[in-house]
Amino acid sequence: MNIAELSNDCFSDILIVSDFDGTLRGDDGNISEKNISAIKRFTSHGGSFMIASGRAEFVLDSVSPIAKTLVNVPCILSNGSYLYDYKDNKRYFEKCLPSDNIREVLYTVRDIASDAGIRIVRGYEYLTPDENEEIKKQIATGFMENVKIYTFEDIPVDNINKITICVNAEKASEIRSVLEEKYSSLFEIYKSWKTVLEIQAKGVSKGAMLDYVKDSYIKNGKKIKIYAVGDYENDIDMMKRADFACCLSNSLDIVKKICSIHLCSNNEGAIADLINKIENCLV
């Protein structure tokens with residue numbers, strides 16, 4: 001397709017939902033100019049672009065201030081704990097973990113891996129029950145600007161969106177196995193990276209929140225084709241619920257198996273690759 005011939009609304013029936021880390025963002029921590037240019041072209045011709053990330057909005061804004069300027073619809077954040085609308089800076093459809101077993105979960109994690117870094121998203125704060133070396137490292141790099149440190153006994157357990165556990169891959173798998181055996185009816189437990197374990201309320205995921213988005217379009221009488229792009233385990237549910245599942249060359253093999261569209265790597269501009277394919281009727 002000749003880009004000059006694009007009509008102003010030629011992408012008005014398309015929504016691209018992109019994971020952030022390992023997908024939209026390169027390994028150098030930046031969104032490439034290739035991606036930025038393609039997304040701006042896509043949205044200027046009527047396309048809808050959304051980020052679906054495990055990060056909360058205050059963390060996403062900190063690590064990538066430009067990200068919010070690229071989206072033109074509410075984003076799925078904190079792994080589907082809520083939709084966040086950058087236009088009015090509000091959360092919608094917010095889901096929190098049941099509070100009854102959270103302290104017990106934290107003790108279980110500590111018993112298995114005392115060196116694990118535990119991060120808890122509660123509203124607009126990061127809570128941690130222990131300032132260990134992993135947490136000190138994250139604070140030092142500016143990753144946890146809103147951090148508040150508590151003891152295990154005193155940490156608040158209400159209104160929690162997500163618990164993140166950072167630990168070596170072997171311990172992460174062990175913790176997951178133990179928690180799933182005890183709490184699978186209460187929590188969703190999955191990996192967003194080989195050393196990162198996520199815990200959320202049962203039924204909460206990027207995919208479940210994408211269903212809210214699809215229902216919104218249907219209720220407003222608008223037909224939409226959804227392309228979901230991701231690289232890791234926490235993206236699979238979202239990709240299965242989209243019309244088109246798109247993986248990167250750096251995606252996990254289990255992600256690649258469910259995808260009909262295969263793109264270049266996150267370092268080569270995978271979102272631009274997808275938009276180019278859409279423009280040229282290759283997908």
# chains A, B, ... in the order shown; residues from 1 in each chain; ligands from 1
call {"tool": "residues_around", "arguments": {"residues": "stretch 158-165 of chain A", "least_positions_apart": "2", "cutoff": "7 Å", "atoms": "only C-alpha atoms", "output": "list in words"}}
result
Ser78, Ser81, Lys95, Cys96, Leu97, Ser99, Ala116, Gly117, Ile118, Arg119, Ile120, Val121, Arg122, Pro156, Val167, Val196, Leu197, Glu198, Ile199 and Gln200 of chain A
call {"tool": "select_by_dssp", "arguments": {"residues": "stretch 27-129 of chain A", "states": "strand (DSSP E or B)", "output": "PyMOL selection string"}}
result
chain A and resi 48-52+75-77+82-85+90-92+117-122+125-128
call {"tool": "residues_around", "arguments": {"residues": "A:Ala208", "least_positions_apart": "2", "cutoff": "12 Å", "atoms": "only C-alpha atoms", "output": "ChimeraX atom specification"}}
result
/A:52,76-77,79-83,93,95,188,201-206,210-215,234-242
call {"tool": "write_last_selection", "arguments": {"atoms": "C-alpha atoms", "output": "compact mmCIF listing (two decimals), in the first residue's frame"}}
result
# COMPACT_ATOMS: atom_id res chain seq x y z
CA ALA A 52 -1.34 -4.02 28.01
CA ILE A 76 -4.80 -2.59 30.38
CA LEU A 77 -2.40 -2.17 33.31
CA ASN A 79 -1.72 -7.31 34.29
CA GLY A 80 -5.43 -6.64 33.91
CA SER A 81 -6.16 -5.33 37.40
CA TYR A 82 -7.78 -2.30 35.78
CA LEU A 83 -8.16 -0.15 32.68
CA PHE A 93 -13.02 -1.86 36.43
CA LYS A 95 -9.95 -5.57 40.76
CA GLU A 188 -4.04 -16.27 39.48
CA ALA A 201 -7.18 -12.09 42.12
CA LYS A 202 -8.81 -15.13 40.54
CA GLY A 203 -10.09 -14.32 37.07
CA VAL A 204 -7.89 -11.25 36.66
CA SER A 205 -5.71 -11.19 33.54
CA LYS A 206 -4.93 -9.09 30.51
CA LEU A 210 -9.65 -7.31 27.00
CA ASP A 211 -13.12 -8.85 27.11
CA TYR A 212 -14.37 -5.68 28.84
CA VAL A 213 -12.88 -3.70 25.98
CA LYS A 214 -14.51 -5.90 23.33
CA ASP A 215 -17.89 -5.66 25.08
CA ASN A 234 1.12 -13.44 31.08
CA ASP A 235 0.20 -12.43 27.50
CA ILE A 236 -1.22 -15.79 26.40
CA ASP A 237 -4.78 -15.33 27.70
CA MET A 238 -5.01 -11.91 26.03
CA MET A 239 -3.72 -13.29 22.74
CA LYS A 240 -6.19 -16.16 22.77
CA ARG A 241 -9.11 -13.73 23.17
CA ALA A 242 -8.01 -11.45 20.34
call {"tool": "closest_residue", "arguments": {"among": "A:Ala67, A:Glu57, A:Ile135, A:Ala38", "to": "A:Asp85", "atoms": "only C-alpha atoms"}}
result
A:Glu57
call {"tool": "atom_distance", "arguments": {"atom1": "atom CA of A:Pro98", "atom2": "atom CA of A:Ser184"}}
result
12.6 Å
call {"tool": "residues_around", "arguments": {"residues": "A:Ile66", "least_positions_apart": "2", "cutoff": "12 Å", "atoms": "only C-alpha atoms", "output": "ChimeraX atom specification"}}
result
/A:24-25,29-33,35-36,40,60-64,68-71
call {"tool": "closest_residue", "arguments": {"among": "A:Arg55, A:Lys137, A:Leu179, A:Gly47", "to": "A:Glu104", "atoms": "only C-alpha atoms"}}
result
A:Leu179
call {"tool": "closest_residue", "arguments": {"among": "A:Ser37, A:Ser185, A:Ser48, A:Thr151", "to": "A:Asp13", "atoms": "only C-alpha atoms"}}
result
A:Ser48
call {"tool": "atom_distance", "arguments": {"atom1": "atom CA of A:Asn276", "atom2": "atom CA of A:Asp21"}}
result
21.0 Å
call {"tool": "closest_residue", "arguments": {"among": "A:Val109, A:Cys75, A:Val59, A:Ala172", "to": "A:Tyr124", "atoms": "only C-alpha atoms"}}
result
A:Val59
call {"tool": "atom_distance", "arguments": {"atom1": "atom CA of A:Lys34", "atom2": "atom CA of A:Tyr232"}}
result
22.3 Å
call {"tool": "closest_residue", "arguments": {"among": "A:Val229, A:Ala113, A:Leu127, A:Val157", "to": "A:Glu174", "atoms": "only C-alpha atoms"}}
result
A:Ala113
call {"tool": "residues_around", "arguments": {"residues": "A:Ile112", "least_positions_apart": "2", "cutoff": "8 Å", "atoms": "only C-alpha atoms", "output": "number ranges by chain"}}
result
A: 108-110, 114, 171, 174-175
call {"tool": "select_by_dssp", "arguments": {"residues": "stretch 121-172 of chain A", "states": "alpha helix (DSSP H)", "output": "VMD selection string"}}
result
chain A and resid 133 to 140 169 to 172
call {"tool": "closest_residue", "arguments": {"among": "A:Lys223, A:Ser12, A:Lys194, A:Ser18", "to": "A:Cys247", "atoms": "only C-alpha atoms"}}
result
A:Ser18
call {"tool": "decode", "arguments": {"residues": "stretch 144-252 of chain A", "atoms": "C-alpha atoms", "output": "mmCIF file, in the first residue's frame"}}
result
data_model
loop_
_atom_site.group_PDB
_atom_site.id
_atom_site.type_symbol
_atom_site.label_atom_id
_atom_site.label_comp_id
_atom_site.auth_asym_id
_atom_site.auth_seq_id
_atom_site.Cartn_x
_atom_site.Cartn_y
_atom_site.Cartn_z
ATOM 1 C CA MET A 144 10.273 1.993 42.865
ATOM 2 C CA GLU A 145 9.830 5.711 43.404
ATOM 3 C CA ASN A 146 6.632 5.298 45.430
ATOM 4 C CA VAL A 147 7.967 2.579 47.727
ATOM 5 C CA LYS A 148 6.862 2.205 51.350
ATOM 6 C CA ILE A 149 8.585 -0.334 53.569
ATOM 7 C CA TYR A 150 6.727 -2.290 56.251
ATOM 8 C CA THR A 151 7.371 -5.334 58.390
ATOM 9 C CA PHE A 152 5.661 -8.579 57.426
ATOM 10 C CA GLU A 153 3.382 -8.146 60.443
ATOM 11 C CA ASP A 154 2.331 -4.562 59.664
ATOM 12 C CA ILE A 155 2.029 -4.426 55.885
ATOM 13 C CA PRO A 156 -1.520 -3.486 54.730
ATOM 14 C CA VAL A 157 -3.347 -6.323 52.974
ATOM 15 C CA ASP A 158 -6.457 -4.504 51.740
ATOM 16 C CA ASN A 159 -6.998 -2.976 48.280
ATOM 17 C CA ILE A 160 -3.998 -4.752 46.740
ATOM 18 C CA ASN A 161 -3.923 -4.966 42.945
ATOM 19 C CA LYS A 162 -0.965 -7.262 42.470
ATOM 20 C CA ILE A 163 1.910 -8.983 44.243
ATOM 21 C CA THR A 164 5.179 -9.398 42.346
ATOM 22 C CA ILE A 165 7.927 -11.743 43.503
ATOM 23 C CA CYS A 166 11.459 -11.350 42.108
ATOM 24 C CA VAL A 167 13.700 -14.335 42.744
ATOM 25 C CA ASN A 168 15.909 -16.779 40.847
ATOM 26 C CA ALA A 169 14.134 -18.985 38.295
ATOM 27 C CA GLU A 170 14.362 -22.199 40.339
ATOM 28 C CA LYS A 171 12.878 -20.618 43.461
ATOM 29 C CA ALA A 172 10.209 -18.871 41.382
ATOM 30 C CA SER A 173 9.023 -22.241 40.098
ATOM 31 C CA GLU A 174 9.058 -23.717 43.602
ATOM 32 C CA ILE A 175 7.076 -20.812 45.052
ATOM 33 C CA ARG A 176 4.563 -21.059 42.228
ATOM 34 C CA SER A 177 4.040 -24.774 42.779
ATOM 35 C CA VAL A 178 3.431 -24.345 46.516
ATOM 36 C CA LEU A 179 1.095 -21.370 46.114
ATOM 37 C CA GLU A 180 -0.927 -23.009 43.336
ATOM 38 C CA GLU A 181 -1.452 -26.093 45.479
ATOM 39 C CA LYS A 182 -2.783 -24.008 48.377
ATOM 40 C CA TYR A 183 -4.443 -21.003 46.737
ATOM 41 C CA SER A 184 -5.398 -21.826 43.148
ATOM 42 C CA SER A 185 -9.066 -21.128 43.908
ATOM 43 C CA LEU A 186 -8.270 -17.608 45.151
ATOM 44 C CA PHE A 187 -5.436 -16.313 42.995
ATOM 45 C CA GLU A 188 -4.042 -16.269 39.479
ATOM 46 C CA ILE A 189 -0.338 -17.149 39.676
ATOM 47 C CA TYR A 190 1.917 -16.928 36.631
ATOM 48 C CA LYS A 191 5.286 -15.769 35.354
ATOM 49 C CA SER A 192 5.825 -12.487 33.512
ATOM 50 C CA TRP A 193 9.541 -13.299 33.261
ATOM 51 C CA LYS A 194 11.641 -16.294 34.230
ATOM 52 C CA THR A 195 12.567 -14.642 37.538
ATOM 53 C CA VAL A 196 9.298 -12.754 38.103
ATOM 54 C CA LEU A 197 6.159 -14.304 39.583
ATOM 55 C CA GLU A 198 2.835 -12.437 39.609
ATOM 56 C CA ILE A 199 -0.108 -13.007 41.971
ATOM 57 C CA GLN A 200 -3.538 -11.504 41.285
ATOM 58 C CA ALA A 201 -7.183 -12.093 42.120
ATOM 59 C CA LYS A 202 -8.808 -15.130 40.542
ATOM 60 C CA GLY A 203 -10.094 -14.324 37.075
ATOM 61 C CA VAL A 204 -7.886 -11.249 36.658
ATOM 62 C CA SER A 205 -5.711 -11.187 33.537
ATOM 63 C CA LYS A 206 -4.925 -9.089 30.508
ATOM 64 C CA GLY A 207 -7.298 -11.319 28.559
ATOM 65 C CA ALA A 208 -10.197 -10.899 30.967
ATOM 66 C CA MET A 209 -9.832 -7.131 30.785
ATOM 67 C CA LEU A 210 -9.649 -7.307 26.996
ATOM 68 C CA ASP A 211 -13.120 -8.845 27.107
ATOM 69 C CA TYR A 212 -14.373 -5.682 28.844
ATOM 70 C CA VAL A 213 -12.885 -3.699 25.976
ATOM 71 C CA LYS A 214 -14.509 -5.898 23.328
ATOM 72 C CA ASP A 215 -17.886 -5.657 25.078
ATOM 73 C CA SER A 216 -17.582 -1.872 25.123
ATOM 74 C CA TYR A 217 -17.116 -1.774 21.355
ATOM 75 C CA ILE A 218 -20.045 -4.152 20.847
ATOM 76 C CA LYS A 219 -22.355 -2.099 23.073
ATOM 77 C CA ASN A 220 -21.450 0.997 21.063
ATOM 78 C CA GLY A 221 -22.247 -0.795 17.822
ATOM 79 C CA LYS A 222 -18.707 -0.723 16.505
ATOM 80 C CA LYS A 223 -17.080 -3.687 14.809
ATOM 81 C CA ILE A 224 -13.404 -4.015 15.649
ATOM 82 C CA LYS A 225 -10.589 -6.393 14.728
ATOM 83 C CA ILE A 226 -8.147 -6.928 17.582
ATOM 84 C CA TYR A 227 -4.468 -7.736 17.097
ATOM 85 C CA ALA A 228 -2.783 -8.721 20.373
ATOM 86 C CA VAL A 229 1.015 -8.777 20.556
ATOM 87 C CA GLY A 230 3.055 -10.336 23.352
ATOM 88 C CA ASP A 231 6.098 -12.351 24.310
ATOM 89 C CA TYR A 232 5.525 -14.060 27.645
ATOM 90 C CA GLU A 233 3.232 -16.287 29.685
ATOM 91 C CA ASN A 234 1.118 -13.444 31.076
ATOM 92 C CA ASP A 235 0.204 -12.431 27.500
ATOM 93 C CA ILE A 236 -1.224 -15.786 26.398
ATOM 94 C CA ASP A 237 -4.776 -15.332 27.704
ATOM 95 C CA MET A 238 -5.011 -11.907 26.029
ATOM 96 C CA MET A 239 -3.721 -13.287 22.737
ATOM 97 C CA LYS A 240 -6.187 -16.162 22.766
ATOM 98 C CA ARG A 241 -9.110 -13.735 23.173
ATOM 99 C CA ALA A 242 -8.012 -11.449 20.335
ATOM 100 C CA ASP A 243 -8.940 -11.936 16.690
ATOM 101 C CA PHE A 244 -5.284 -12.210 15.747
ATOM 102 C CA ALA A 245 -2.498 -13.435 18.038
ATOM 103 C CA CYS A 246 0.903 -11.980 17.160
ATOM 104 C CA CYS A 247 4.249 -13.124 18.541
ATOM 105 C CA LEU A 248 7.785 -11.838 18.228
ATOM 106 C CA SER A 249 10.903 -13.751 17.315
ATOM 107 C CA ASN A 250 11.928 -13.368 20.987
ATOM 108 C CA SER A 251 8.613 -14.710 22.345
ATOM 109 C CA LEU A 252 8.483 -17.915 24.359
#
